[in-house]
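Reproduced below: work-v3.tsv, with TSV, C-alpha atoms and all ligand atoms.
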```tsv
chain	number	residue	atom	x	y	z
A	56	MET	CA	126.62	60.88	169.80
A	57	ASP	CA	127.66	57.26	170.36
A	58	GLN	CA	127.19	54.66	167.68
A	59	GLU	CA	124.09	53.04	169.10
A	60	ASN	CA	122.25	56.36	169.49
A	61	GLN	CA	123.23	57.33	165.97
A	62	TYR	CA	121.85	54.00	164.78
A	63	LEU	CA	118.56	54.53	166.62
A	64	GLU	CA	118.33	58.07	165.32
A	65	ASP	CA	118.82	56.85	161.74
A	66	LYS	CA	116.19	54.17	162.23
A	67	MET	CA	113.70	56.74	163.50
A	68	LYS	CA	114.40	59.26	160.77
A	69	TYR	CA	111.31	58.42	158.76
A	70	SER	CA	108.94	57.07	161.39
A	71	VAL	CA	106.48	59.02	163.47
A	72	ASP	CA	107.65	60.54	166.78
A	73	LYS	CA	105.77	60.34	170.09
A	74	LYS	CA	103.79	63.48	169.35
A	75	GLY	CA	102.68	62.21	165.97
A	76	TYR	CA	105.09	64.18	163.78
A	77	TYR	CA	107.21	63.25	160.80
A	78	GLY	CA	109.75	66.09	160.88
A	79	GLN	CA	107.63	69.25	160.77
A	80	PHE	CA	104.55	67.44	159.41
A	81	GLY	CA	101.74	65.49	161.06
A	82	GLY	CA	100.25	66.09	164.50
A	83	ALA	CA	96.57	66.18	165.43
A	84	TYR	CA	94.85	69.47	164.60
A	85	ILE	CA	91.33	68.65	165.65
A	86	PRO	CA	88.35	70.34	167.26
A	87	GLU	CA	88.33	69.94	171.04
A	88	MET	CA	85.16	67.86	170.81
A	89	LEU	CA	87.13	65.12	169.02
A	90	TYR	CA	89.88	64.87	171.63
A	91	PRO	CA	88.40	61.92	173.56
A	92	ASN	CA	88.01	59.83	170.38
A	93	ILE	CA	91.52	60.52	169.12
A	94	GLU	CA	93.05	60.08	172.58
A	95	GLU	CA	91.41	56.68	172.97
A	96	LEU	CA	92.91	55.55	169.68
A	97	ARG	CA	96.31	57.06	170.32
A	98	GLU	CA	96.61	55.42	173.72
A	99	ASN	CA	95.57	51.98	172.51
A	100	TYR	CA	96.48	51.41	168.88
A	101	LEU	CA	100.09	50.31	169.25
A	102	GLN	CA	99.44	47.95	172.10
A	103	ILE	CA	96.44	46.39	170.34
A	104	VAL	CA	98.04	45.91	166.92
A	105	GLU	CA	101.15	44.36	168.46
A	106	GLU	CA	99.18	41.79	170.49
A	107	PRO	CA	99.69	38.22	169.20
A	108	GLY	CA	95.89	37.76	169.16
A	109	PHE	CA	95.42	40.78	166.91
A	110	GLN	CA	98.27	39.76	164.62
A	111	SER	CA	97.05	36.18	164.14
A	112	GLN	CA	93.52	37.37	163.31
A	113	PHE	CA	94.86	40.07	160.94
A	114	ARG	CA	97.24	37.65	159.19
A	115	LYS	CA	94.57	34.98	158.85
A	116	LEU	CA	92.08	37.33	157.21
A	117	LEU	CA	94.76	38.76	154.92
A	118	LYS	CA	95.53	35.22	153.81
A	119	ASP	CA	92.11	33.57	153.58
A	120	TYR	CA	89.88	36.56	152.80
A	121	VAL	CA	92.03	39.12	150.97
A	122	GLY	CA	94.13	36.49	149.17
A	123	ARG	CA	97.59	37.43	150.42
A	124	PRO	CA	100.42	37.17	149.78
A	125	THR	CA	99.73	38.85	146.45
A	126	PRO	CA	102.17	37.67	143.75
A	127	LEU	CA	105.34	39.47	142.73
A	128	PHE	CA	105.31	39.05	138.96
A	129	LEU	CA	108.31	39.46	136.64
A	130	ALA	CA	106.83	41.44	133.74
A	131	GLU	CA	109.03	40.19	130.90
A	132	ARG	CA	107.66	42.15	127.96
A	133	LEU	CA	107.53	45.36	129.98
A	134	SER	CA	111.11	44.66	131.12
A	135	GLU	CA	112.22	44.21	127.53
A	136	THR	CA	110.54	47.47	126.53
A	137	TYR	CA	112.22	49.57	129.24
A	138	GLY	CA	115.54	47.71	129.48
A	139	ALA	CA	115.39	46.74	133.18
A	140	ARG	CA	114.11	43.84	135.30
A	141	ILE	CA	110.61	44.98	136.26
A	142	TYR	CA	108.51	43.22	138.89
A	143	LEU	CA	104.85	44.02	139.57
A	144	LYS	CA	103.46	43.75	143.11
A	145	ARG	CA	99.96	42.52	142.35
A	146	GLU	CA	97.73	44.43	144.79
A	147	ASP	CA	95.20	44.42	141.94
A	148	LEU	CA	94.56	40.78	142.88
A	149	CYS	CA	93.37	41.62	146.42
A	150	HIS	CA	89.71	40.96	147.22
A	151	THR	CA	87.73	44.07	146.08
A	152	GLY	CA	90.46	44.92	143.56
A	153	ALA	CA	92.95	47.14	145.37
A	154	HIS	CA	95.23	47.56	148.38
A	155	LYS	CA	92.65	49.52	150.40
A	156	ILE	CA	91.26	46.37	152.02
A	157	ASN	CA	94.55	45.69	153.88
A	158	ASN	CA	93.82	48.79	155.96
A	159	THR	CA	90.09	48.28	156.45
A	160	ILE	CA	90.71	44.71	157.68
A	161	GLY	CA	93.19	46.05	160.24
A	162	GLN	CA	90.89	48.82	161.41
A	163	ILE	CA	87.77	46.65	161.72
A	164	ILE	CA	89.61	44.23	164.01
A	165	LEU	CA	90.90	47.18	166.03
A	166	ALA	CA	87.36	48.61	166.29
A	167	LYS	CA	86.11	45.28	167.63
A	168	LYS	CA	88.90	45.14	170.22
A	169	LEU	CA	87.94	48.68	171.32
A	170	GLY	CA	84.36	47.48	171.80
A	171	LYS	CA	82.85	49.63	169.03
A	172	GLN	CA	79.50	48.71	167.49
A	173	ARG	CA	79.32	51.00	164.51
A	174	ILE	CA	81.64	52.10	161.72
A	175	ILE	CA	81.63	55.38	159.84
A	176	ALA	CA	83.75	56.34	156.85
A	177	GLU	CA	83.92	58.98	154.18
A	178	THR	CA	84.57	58.27	150.55
A	179	GLY	CA	85.27	60.26	147.39
A	180	ALA	CA	85.19	57.90	144.45
A	181	GLY	CA	83.67	55.14	146.55
A	182	GLN	CA	86.66	52.76	146.63
A	183	HIS	CA	87.37	53.24	150.33
A	184	GLY	CA	83.62	53.14	151.02
A	185	VAL	CA	83.36	49.76	149.29
A	186	ALA	CA	86.39	48.38	151.18
A	187	THR	CA	84.82	49.57	154.45
A	188	ALA	CA	81.34	48.23	153.66
A	189	THR	CA	82.99	44.90	152.77
A	190	VAL	CA	84.72	44.39	156.12
A	191	CYS	CA	81.62	45.57	158.02
A	192	ALA	CA	79.60	42.87	156.27
A	193	LEU	CA	82.36	40.38	157.09
A	194	VAL	CA	82.13	41.00	160.84
A	195	GLY	CA	78.46	42.03	161.00
A	196	MET	CA	78.87	45.65	162.03
A	197	GLU	CA	76.65	48.62	161.15
A	198	CYS	CA	78.28	50.78	158.45
A	199	ILE	CA	77.53	54.38	157.54
A	200	VAL	CA	79.43	55.94	154.63
A	201	TYR	CA	79.34	59.68	153.97
A	202	MET	CA	79.72	60.68	150.34
A	203	GLY	CA	79.30	64.04	148.58
A	204	SER	CA	76.05	64.10	146.63
A	205	VAL	CA	77.95	65.15	143.48
A	206	ASP	CA	80.26	62.14	143.94
A	207	MET	CA	77.25	59.84	144.48
A	208	GLU	CA	75.93	60.92	141.11
A	209	ARG	CA	79.35	60.39	139.43
A	210	GLN	CA	80.07	57.01	141.05
A	211	LYS	CA	76.73	55.22	140.98
A	212	PRO	CA	78.04	51.65	140.70
A	213	ASN	CA	80.10	52.06	143.90
A	214	VAL	CA	77.11	53.55	145.73
A	215	GLU	CA	75.08	50.46	144.79
A	216	ARG	CA	77.95	48.15	145.72
A	217	MET	CA	78.00	49.64	149.21
A	218	ARG	CA	74.22	49.28	149.48
A	219	ILE	CA	74.31	45.64	148.33
A	220	LEU	CA	76.89	45.05	151.08
A	221	GLY	CA	74.41	46.44	153.60
A	222	ALA	CA	75.94	49.89	154.21
A	223	GLN	CA	73.96	53.07	154.54
A	224	VAL	CA	75.27	55.76	152.16
A	225	VAL	CA	74.56	59.28	153.43
A	226	PRO	CA	74.81	62.16	150.94
A	227	ALA	CA	76.82	65.21	152.02
A	228	THR	CA	74.93	68.17	150.60
A	229	SER	CA	77.02	71.11	151.88
A	230	GLY	CA	79.77	73.05	150.07
A	231	SER	CA	81.03	71.51	146.84
A	232	GLN	CA	79.26	68.24	147.79
A	233	THR	CA	82.45	66.20	147.35
A	234	LEU	CA	85.06	64.47	149.54
A	235	LYS	CA	85.89	67.44	151.79
A	236	ASP	CA	82.22	67.86	152.71
A	237	ALA	CA	81.76	64.13	153.29
A	238	THR	CA	84.76	64.27	155.66
A	239	ASN	CA	83.19	67.15	157.61
A	240	GLU	CA	79.91	65.24	158.01
A	241	ALA	CA	81.70	62.08	159.12
A	242	MET	CA	83.65	64.10	161.73
A	243	ARG	CA	80.39	65.62	162.98
A	244	HIS	CA	78.83	62.18	163.30
A	245	TRP	CA	81.85	60.96	165.25
A	246	ILE	CA	81.75	63.90	167.66
A	247	ASN	CA	78.12	63.07	168.41
A	248	ASN	CA	78.74	59.30	168.85
A	249	PRO	CA	82.17	59.03	170.48
A	250	THR	CA	81.77	55.88	172.56
A	251	ASP	CA	80.20	53.33	170.23
A	252	THR	CA	81.60	54.41	166.84
A	253	HIS	CA	84.95	53.97	165.07
A	254	TYR	CA	85.89	56.16	162.11
A	255	ILE	CA	87.85	54.27	159.41
A	256	ILE	CA	90.10	56.63	157.43
A	257	GLY	CA	91.25	55.21	154.10
A	258	SER	CA	94.72	56.62	153.54
A	259	VAL	CA	97.80	57.81	155.48
A	260	VAL	CA	96.02	61.09	156.21
A	261	GLY	CA	94.06	62.56	159.11
A	262	PRO	CA	95.17	63.33	162.67
A	263	HIS	CA	97.76	61.21	164.48
A	264	PRO	CA	97.62	58.21	164.98
A	265	TYR	CA	95.82	57.52	161.67
A	266	PRO	CA	98.78	58.05	159.29
A	267	ASP	CA	101.02	55.74	161.32
A	268	MET	CA	98.27	53.16	161.88
A	269	VAL	CA	97.35	52.98	158.19
A	270	ALA	CA	101.02	52.82	157.15
A	271	ARG	CA	101.55	49.88	159.51
A	272	PHE	CA	98.58	47.97	158.10
A	273	GLN	CA	99.73	48.61	154.52
A	274	SER	CA	103.37	47.75	155.32
A	275	VAL	CA	102.50	44.10	154.64
A	276	ILE	CA	103.11	45.06	150.99
A	277	SER	CA	106.84	45.77	151.41
A	278	GLU	CA	107.20	42.94	153.93
A	279	GLU	CA	106.08	40.55	151.19
A	280	ILE	CA	108.14	42.25	148.47
A	281	LYS	CA	111.35	41.65	150.46
A	282	LEU	CA	110.63	37.94	150.92
A	283	GLN	CA	109.46	37.42	147.35
A	284	LEU	CA	112.36	39.31	145.82
A	285	LYS	CA	114.82	37.32	147.90
A	286	GLU	CA	113.24	34.13	146.58
A	287	ALA	CA	113.26	35.37	142.98
A	288	THR	CA	116.69	37.03	142.83
A	289	GLY	CA	118.57	36.07	146.01
A	290	GLU	CA	118.59	39.72	147.11
A	291	GLU	CA	115.83	41.33	149.18
A	292	TYR	CA	116.53	44.92	148.19
A	293	PRO	CA	115.56	46.18	144.71
A	294	GLY	CA	117.13	49.17	142.96
A	295	TYR	CA	113.83	51.03	142.78
A	296	VAL	CA	110.32	50.91	144.23
A	297	LEU	CA	107.66	52.90	142.35
A	298	ALA	CA	104.14	53.79	143.50
A	299	CYS	CA	101.41	56.32	142.77
A	300	VAL	CA	100.38	58.78	145.49
A	301	GLY	CA	96.92	60.12	146.22
A	302	GLY	CA	96.89	60.34	150.00
A	303	GLY	CA	99.79	57.92	149.92
A	304	SER	CA	98.74	54.64	151.55
A	305	ASN	CA	99.81	52.21	148.83
A	306	ALA	CA	103.11	54.07	148.47
A	307	ALA	CA	103.67	54.10	152.25
A	308	GLY	CA	103.03	50.35	152.33
A	309	ALA	CA	105.34	49.64	149.40
A	310	PHE	CA	108.15	51.86	150.78
A	311	TYR	CA	107.84	51.04	154.50
A	312	HIS	CA	110.48	48.32	154.95
A	313	PHE	CA	112.89	50.01	152.54
A	314	LEU	CA	112.87	53.49	154.13
A	315	ASP	CA	115.97	52.86	156.23
A	316	HIS	CA	117.84	51.19	153.40
A	317	GLU	CA	118.94	54.28	151.51
A	318	ALA	CA	120.38	52.34	148.56
A	319	VAL	CA	116.81	51.53	147.48
A	320	LYS	CA	115.57	54.44	145.37
A	321	LEU	CA	111.95	55.23	146.21
A	322	VAL	CA	109.85	57.00	143.60
A	323	ALA	CA	106.37	58.45	144.14
A	324	VAL	CA	104.24	59.54	141.21
A	325	GLU	CA	101.56	62.21	141.65
A	326	ALA	CA	98.77	63.08	139.24
A	327	ALA	CA	99.55	66.12	137.10
A	328	GLY	CA	96.05	66.10	135.60
A	329	ARG	CA	96.05	68.29	132.49
A	330	GLY	CA	99.58	69.50	133.39
A	331	VAL	CA	101.06	71.02	136.55
A	332	ASP	CA	100.60	74.57	135.22
A	333	SER	CA	97.13	74.02	133.77
A	334	GLY	CA	95.15	74.89	136.89
A	335	GLU	CA	93.74	71.34	136.70
A	336	SER	CA	96.21	69.20	138.59
A	337	ALA	CA	96.75	67.24	141.79
A	338	ALA	CA	100.57	67.41	141.93
A	339	THR	CA	100.79	68.46	145.59
A	340	THR	CA	104.58	68.49	146.00
A	341	VAL	CA	104.89	70.86	143.01
A	342	LEU	CA	101.96	73.12	143.80
A	343	GLY	CA	101.47	72.78	147.57
A	344	ARG	CA	102.68	74.65	150.64
A	345	PRO	CA	102.55	73.63	154.30
A	346	GLY	CA	99.08	73.90	155.78
A	347	VAL	CA	96.55	71.94	157.79
A	348	LEU	CA	94.23	69.49	156.05
A	349	HIS	CA	91.98	66.85	157.61
A	350	GLY	CA	93.59	67.22	161.01
A	351	SER	CA	97.28	67.12	160.16
A	352	LYS	CA	99.98	69.52	159.04
A	353	THR	CA	101.13	68.61	155.56
A	354	LEU	CA	101.73	69.91	152.05
A	355	LEU	CA	98.52	71.21	150.63
A	356	MET	CA	97.34	72.92	147.44
A	357	GLN	CA	95.97	76.27	148.59
A	358	THR	CA	95.38	79.84	147.48
A	359	THR	CA	97.55	82.68	148.85
A	360	ASP	CA	94.98	83.23	151.59
A	361	GLY	CA	94.92	79.56	152.57
A	362	GLN	CA	91.76	78.29	150.84
A	363	VAL	CA	92.06	74.69	149.66
A	364	VAL	CA	92.34	74.52	145.87
A	365	GLU	CA	90.08	71.97	144.14
A	366	PRO	CA	92.38	69.30	142.72
A	367	TYR	CA	91.85	67.54	139.42
A	368	SER	CA	92.94	64.19	138.01
A	369	ILE	CA	91.36	61.75	135.58
A	370	SER	CA	91.73	59.13	138.33
A	371	ALA	CA	89.38	59.66	141.24
A	372	GLY	CA	91.76	58.06	143.75
A	373	LEU	CA	94.52	60.63	143.10
A	374	ASP	CA	92.18	63.61	143.04
A	375	TYR	CA	93.18	64.92	146.50
A	376	PRO	CA	94.58	68.38	147.41
A	377	GLY	CA	97.19	67.11	149.88
A	378	ILE	CA	99.42	64.15	150.69
A	379	GLY	CA	99.87	62.26	153.94
A	380	PRO	CA	102.33	63.89	156.38
A	381	ILE	CA	104.79	61.01	156.03
A	382	HIS	CA	105.11	61.83	152.33
A	383	ALA	CA	105.50	65.56	152.97
A	384	HIS	CA	108.45	64.59	155.20
A	385	LEU	CA	109.87	62.09	152.70
A	386	PHE	CA	109.69	64.82	150.05
A	387	ASP	CA	111.27	67.39	152.37
A	388	THR	CA	114.19	65.12	153.29
A	389	GLY	CA	114.70	63.97	149.70
A	390	ARG	CA	114.36	60.30	150.72
A	391	VAL	CA	111.65	59.82	148.09
A	392	SER	CA	111.79	61.33	144.59
A	393	PHE	CA	108.46	62.77	143.52
A	394	LEU	CA	107.55	62.73	139.84
A	395	ASN	CA	104.22	63.41	138.22
A	396	ALA	CA	102.26	62.08	135.26
A	397	THR	CA	99.53	63.77	133.23
A	398	ASP	CA	96.16	62.17	132.43
A	399	GLU	CA	97.40	61.48	128.93
A	400	GLU	CA	100.66	59.86	130.04
A	401	ALA	CA	98.83	57.70	132.57
A	402	MET	CA	96.15	56.54	130.11
A	403	ASN	CA	98.82	55.62	127.57
A	404	ALA	CA	100.78	53.73	130.23
A	405	GLY	CA	97.60	51.87	131.26
A	406	ILE	CA	96.94	50.79	127.69
A	407	GLU	CA	100.61	49.84	127.20
A	408	LEU	CA	100.52	47.59	130.28
A	409	SER	CA	97.31	45.99	129.02
A	410	ARG	CA	98.94	45.20	125.68
A	411	LEU	CA	102.32	44.06	127.03
A	412	GLU	CA	101.25	42.02	130.04
A	413	GLY	CA	97.51	41.36	129.77
A	414	ILE	CA	96.81	43.42	132.88
A	415	ILE	CA	94.42	46.39	132.75
A	416	PRO	CA	95.50	48.57	135.69
A	417	ALA	CA	93.49	51.03	137.76
A	418	ILE	CA	94.17	54.48	136.33
A	419	GLU	CA	95.71	55.48	139.66
A	420	SER	CA	98.24	52.66	139.34
A	421	ALA	CA	98.92	53.52	135.68
A	422	HIS	CA	100.48	56.80	136.87
A	423	ALA	CA	103.29	54.86	138.57
A	424	PHE	CA	104.23	53.17	135.28
A	425	VAL	CA	104.90	56.55	133.62
A	426	ALA	CA	108.01	56.85	135.81
A	427	LEU	CA	109.62	54.02	133.78
A	428	GLN	CA	110.16	56.49	130.92
A	429	LYS	CA	111.75	59.10	133.19
A	430	LEU	CA	114.26	57.20	135.31
A	431	GLY	CA	117.02	56.32	132.81
A	432	LEU	CA	117.04	52.63	133.74
A	433	SER	CA	119.74	50.13	132.81
A	434	PRO	CA	119.49	46.35	132.23
A	435	ASN	CA	120.81	45.36	135.67
A	436	ASP	CA	118.32	47.56	137.54
A	437	VAL	CA	115.67	45.67	139.52
A	438	VAL	CA	112.49	47.72	139.67
A	439	VAL	CA	109.36	46.94	141.70
A	440	ILE	CA	106.15	48.74	140.74
A	441	ASN	CA	103.26	48.62	143.17
A	442	LEU	CA	100.23	47.80	141.01
A	443	SER	CA	97.77	49.23	143.53
A	444	GLY	CA	94.53	48.18	141.83
A	445	ARG	CA	92.78	46.71	138.81
A	446	GLY	CA	91.07	48.64	136.06
A	447	ASP	CA	87.60	47.08	136.14
A	448	LYS	CA	86.22	50.10	138.00
A	449	ASP	CA	87.73	52.39	135.33
A	450	LEU	CA	86.35	50.73	132.24
A	451	GLU	CA	84.07	53.66	131.47
A	452	THR	CA	87.02	56.09	131.66
A	453	TYR	CA	89.06	53.87	129.32
A	454	ILE	CA	86.13	53.71	126.90
A	455	LYS	CA	85.64	57.48	126.94
A	456	TRP	CA	89.38	57.92	126.39
A	457	GLY	CA	88.98	55.74	123.35
A	458	LYS	CA	92.57	55.76	122.04
A	459	TYR	CA	93.32	52.04	122.03
A	501	LIG	C1	92.50	54.83	146.42
A	501	LIG	C2	93.48	54.32	145.46
A	501	LIG	C3	94.76	54.92	145.31
A	501	LIG	C4	95.17	56.16	146.03
A	501	LIG	O1	95.23	56.08	147.41
A	501	LIG	P1	96.60	55.99	148.19
A	501	LIG	O2	96.21	56.19	149.62
A	501	LIG	O3	97.48	57.08	147.68
A	501	LIG	O4	97.18	54.66	147.94
A	501	LIG	C5	95.66	54.33	144.43
A	501	LIG	N1	95.34	53.24	143.71
A	501	LIG	C6	94.12	52.65	143.81
A	501	LIG	C7	93.83	51.46	142.99
A	501	LIG	C8	93.15	53.17	144.69
A	501	LIG	O5	91.96	52.58	144.78
```

Render the structure in this file as structure tokens.
Ligand SMILES: *Cc1c(COP(=O)(O)O)cnc(C)c1O
Amino acid sequence: MDQENQYLEDKMKYSVDKKGYYGQFGGAYIPEMLYPNIEELRENYLQIVEEPGFQSQFRKLLKDYVGRPTPLFLAERLSETYGARIYLKREDLCHTGAHKINNTIGQIILAKKLGKQRIIAETGAGQHGVATATVCALVGMECIVYMGSVDMERQKPNVERMRILGAQVVPATSGSQTLKDATNEAMRHWINNPTDTHYIIGSVVGPHPYPDMVARFQSVISEEIKLQLKEATGEEYPGYVLACVGGGSNAAGAFYHFLDHEAVKLVAVEAAGRGVDSGESAATTVLGRPGVLHGSKTLLMQTTDGQVVEPYSISAGLDYPGIGPIHAHLFDTGRVSFLNATDEEAMNAGIELSRLEGIIPAIESAHAFVALQKLGLSPNDVVVINLSGRGDKDLETYIKWGKY
């Protein structure tokens, strides 16, 4: 192979191929009835998101509405505690309190360009539902959010937030009445309304082209980190980038522009729940095997006969039985190191960050901070942690935890 081809091959190693695969993972495993919807997206998404008109609208809303660029903050007391230079990427300061809005802004503009009039989404804990309802209000589009009826009971404030924003929240009453069932109902709705409806998926999961599309929208995170780090240290590449992984969108965004720079160590932290061997966990790379979930081939927690295992984590956003196909590939190739953190470790890390830096993190994000104890850092190491969201939504969980 000549040098240029080798270079191109290296560059493509971690991005999606034409058929929608990352190595052996990805693809679009969907019912035939959904083909037209997915085809329409697949044929148009790249061209639309690369148009100057799309980019200027996207960038303007990220700046004036979301509040980007989010700061890169040198956490001095945390740095002192762990003996490294630790920077926090402050996605917790985004409008609505987490990174999820970067993606919903991108997808709502895309939906408009495709001439759609209505948005559907599914949500587990309600965070993605709120981010979707928010952008629908912003552009004046009808919004229907499917949510398991058990989840609606558990996450009442988010249900009311969505309703205040003008969204219709539809309970999914089949099966375990949680995220999986809400996803099925949303899919059914989409099959029945293919021409006027866009389905906004909230993480780097689902059939191709969703994982790639969501990763591109979230990649603004690592784009900013490079610029900000260069300004702060004179060097755009850190030693480490750390992020928590539920489906994997904040991690994909934080890793994106570092994937081809192998000197940057990328670390993903999954939720171990009550421990990886406890039967109550969401550590997919430890417990999962290849399978098909939500329309793509990925690593998935399943029984020997292929039934999806109910995951568990104290943080609702990490309580997912799979990971996005890009992460299954990054795990497979060893490009990203996967660690995990128990409920207890994450809660302690969340309280430690509150005390050391005056920042109460989302419990999802707190998982990423547990990695600091496990990496064997030295004083010259520059570490960036993606602080994916703020802890306001988790106050009740902190209070119940009580050990502070
Ligand atoms: C939803 C959520 C996550 C998990 O989703 P990813 O797609 O893995 O990023 C992490 N942190 C926060 C604050 C969230 O709201």

* Record the distance separating CA of Ile103 (chain A) and CA of Leu165 (chain A), expressed in Å with one decimal. => 7.1 Å

Enclosing box along x, y and z for every listed atom of ligand LIG 501 (chain A), padded 4 Å each side, centre and size in Å, one decimal, as lines of an AutoDock Vina configuration file:
```
center_x = 94.7
center_y = 54.3
center_z = 146.3
size_x = 13.5
size_y = 13.6
size_z = 14.6
```

* Separation of CA of Gln428 (chain A) from CA of Gly328 (chain A), in Å and rounded to one decimal -> 17.7 Å

Would you mind listing the residues within 7 Å of ligand LIG 501 (chain A), counting all atoms listed in the file, as a PDB file with C-alpha atoms, in the frame of the given file?
```pdb
ATOM      1  CA  ALA A 153      92.950  47.140 145.370  1.00  0.00           C
ATOM      2  CA  HIS A 154      95.230  47.560 148.380  1.00  0.00           C
ATOM      3  CA  LYS A 155      92.650  49.520 150.400  1.00  0.00           C
ATOM      4  CA  GLN A 182      86.660  52.760 146.630  1.00  0.00           C
ATOM      5  CA  HIS A 183      87.370  53.240 150.330  1.00  0.00           C
ATOM      6  CA  GLY A 257      91.250  55.210 154.100  1.00  0.00           C
ATOM      7  CA  SER A 258      94.720  56.620 153.540  1.00  0.00           C
ATOM      8  CA  VAL A 259      97.800  57.810 155.480  1.00  0.00           C
ATOM      9  CA  CYS A 299     101.410  56.320 142.770  1.00  0.00           C
ATOM     10  CA  VAL A 300     100.380  58.780 145.490  1.00  0.00           C
ATOM     11  CA  GLY A 301      96.920  60.120 146.220  1.00  0.00           C
ATOM     12  CA  GLY A 302      96.890  60.340 150.000  1.00  0.00           C
ATOM     13  CA  GLY A 303      99.790  57.920 149.920  1.00  0.00           C
ATOM     14  CA  SER A 304      98.740  54.640 151.550  1.00  0.00           C
ATOM     15  CA  ASN A 305      99.810  52.210 148.830  1.00  0.00           C
ATOM     16  CA  ALA A 306     103.110  54.070 148.470  1.00  0.00           C
ATOM     17  CA  GLY A 372      91.760  58.060 143.750  1.00  0.00           C
ATOM     18  CA  LEU A 373      94.520  60.630 143.100  1.00  0.00           C
ATOM     19  CA  ALA A 417      93.490  51.030 137.760  1.00  0.00           C
ATOM     20  CA  GLU A 419      95.710  55.480 139.660  1.00  0.00           C
ATOM     21  CA  SER A 420      98.240  52.660 139.340  1.00  0.00           C
ATOM     22  CA  SER A 443      97.770  49.230 143.530  1.00  0.00           C
ATOM     23  CA  GLY A 444      94.530  48.180 141.830  1.00  0.00           C
ATOM     24  CA  ARG A 445      92.780  46.710 138.810  1.00  0.00           C
TER      25      ARG A 445
END
```

Using only C-alpha atoms, what does the table of region 226-304 of chain A residues within 10 Å of region 70-73 of chain A look like, with each row giving the shortest atom pair and its distance in Å to one decimal, sorted by chain and ascending number, as CSV?
```
residue,atom,partner,partner_atom,distance
A:His263,CA,A:Val71,CA,9.0
A:Pro264,CA,A:Val71,CA,9.0
A:Pro266,CA,A:Val71,CA,8.8
A:Asp267,CA,A:Val71,CA,6.7
A:Ala270,CA,A:Ser70,CA,9.9
```

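Computed from the coordinates, the CA of Val225 (chain A) to CA of Glu335 (chain A) distance equals 28.2 Å.
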
* Skipping near chain neighbours, those fewer than 2 positions away, what residues fall within 10 Å of region 391-399 of chain A using only C-alpha atoms, listed as a ChimeraX atom specification? -> /A:296-300,310,314,317,319-331,336-341,367-370,382-389,401-405,418-419,421-426,429-430,456

* Excluding Ser277 (chain A) and residues on its chain fewer than 6 positions from it, collect all residues at most 8 Å away from it, counting only C-alpha atoms, and give them as a list of chain:residue names. => A:Gly308, A:Ala309, A:Phe310, A:Tyr311, A:His312, A:Phe313

Take the selection from the previous step and output its residues with C-alpha atoms, as a short mmCIF file (atom, residue, chain, number, x, y, z; two decimals), in the coordinates of the input.
```
data_model
loop_
_atom_site.label_atom_id
_atom_site.label_comp_id
_atom_site.auth_asym_id
_atom_site.auth_seq_id
_atom_site.Cartn_x
_atom_site.Cartn_y
_atom_site.Cartn_z
CA GLY A 308 103.03 50.35 152.33
CA ALA A 309 105.34 49.64 149.40
CA PHE A 310 108.15 51.86 150.78
CA TYR A 311 107.84 51.04 154.50
CA HIS A 312 110.48 48.32 154.95
CA PHE A 313 112.89 50.01 152.54
#
```

* Asked: What's the 12 Å shell around Arg114 (chain A), counting only C-alpha atoms, without same-chain residues fewer than 2 positions away, as JSON, numbers by chain?
  -> {"A": [104, 107, 108, 109, 110, 111, 112, 116, 117, 118, 119, 120, 121, 122, 123, 124, 157, 160, 161, 164, 272, 275]}

* Structure fact -> Residue with the minimum atom-to-atom distance to Arg410 (chain A), picked from A:Leu127, A:Tyr459, A:Thr228, A:Glu278 with only C-alpha atoms counted, is A:Tyr459

* 12 Å contact set for Gly170 (chain A), all atoms listed in the file, chain neighbours under 4 positions out, as a PyMOL selection string -> chain A and resi 95-96+163-166+174+196+249-253

Let's have the selection written as a compact mmCIF listing (two decimals), in the frame of the given file, with C-alpha atoms.
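What ended up in out_32.txt:
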```txt
# COMPACT_ATOMS: atom_id res chain seq x y z
CA GLU A 95 91.41 56.68 172.97
CA LEU A 96 92.91 55.55 169.68
CA ILE A 163 87.77 46.65 161.72
CA ILE A 164 89.61 44.23 164.01
CA LEU A 165 90.90 47.18 166.03
CA ALA A 166 87.36 48.61 166.29
CA ILE A 174 81.64 52.10 161.72
CA MET A 196 78.87 45.65 162.03
CA PRO A 249 82.17 59.03 170.48
CA THR A 250 81.77 55.88 172.56
CA ASP A 251 80.20 53.33 170.23
CA THR A 252 81.60 54.41 166.84
CA HIS A 253 84.95 53.97 165.07
```

* From the list A:Glu98, A:Glu279, A:Glu106, A:Glu177, which residue is nearest Thr125 (chain A) when using only C-alpha atoms? -> A:Glu279

* Best match for closeness to Asp374 (chain A) among A:His150, A:Arg173, A:Leu234, A:Arg145, counting only C-alpha atoms -> A:Leu234

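Excluding Gly431 (chain A) and any residue on its chain fewer than 6 positions from it, the residues at most 10 Å away by only C-alpha atoms are Tyr137, Gly138 and Ala139 of chain A.
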
Keeping only C-alpha atoms, write the selected residues to a file as a compact mmCIF listing (two decimals), in the frame of the given file.
```
# COMPACT_ATOMS: atom_id res chain seq x y z
CA TYR A 137 112.22 49.57 129.24
CA GLY A 138 115.54 47.71 129.48
CA ALA A 139 115.39 46.74 133.18
```

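Every residue within 9 Å of the file position (106.6, 63.9, 163.7), judged by only C-alpha atoms, is given as Tyr69, Ser70, Val71, Asp72, Lys73, Lys74, Gly75, Tyr76, Tyr77, Gly78, Gln79, Phe80, Gly81, Gly82, Pro380, Ile381 and His384 of chain A.
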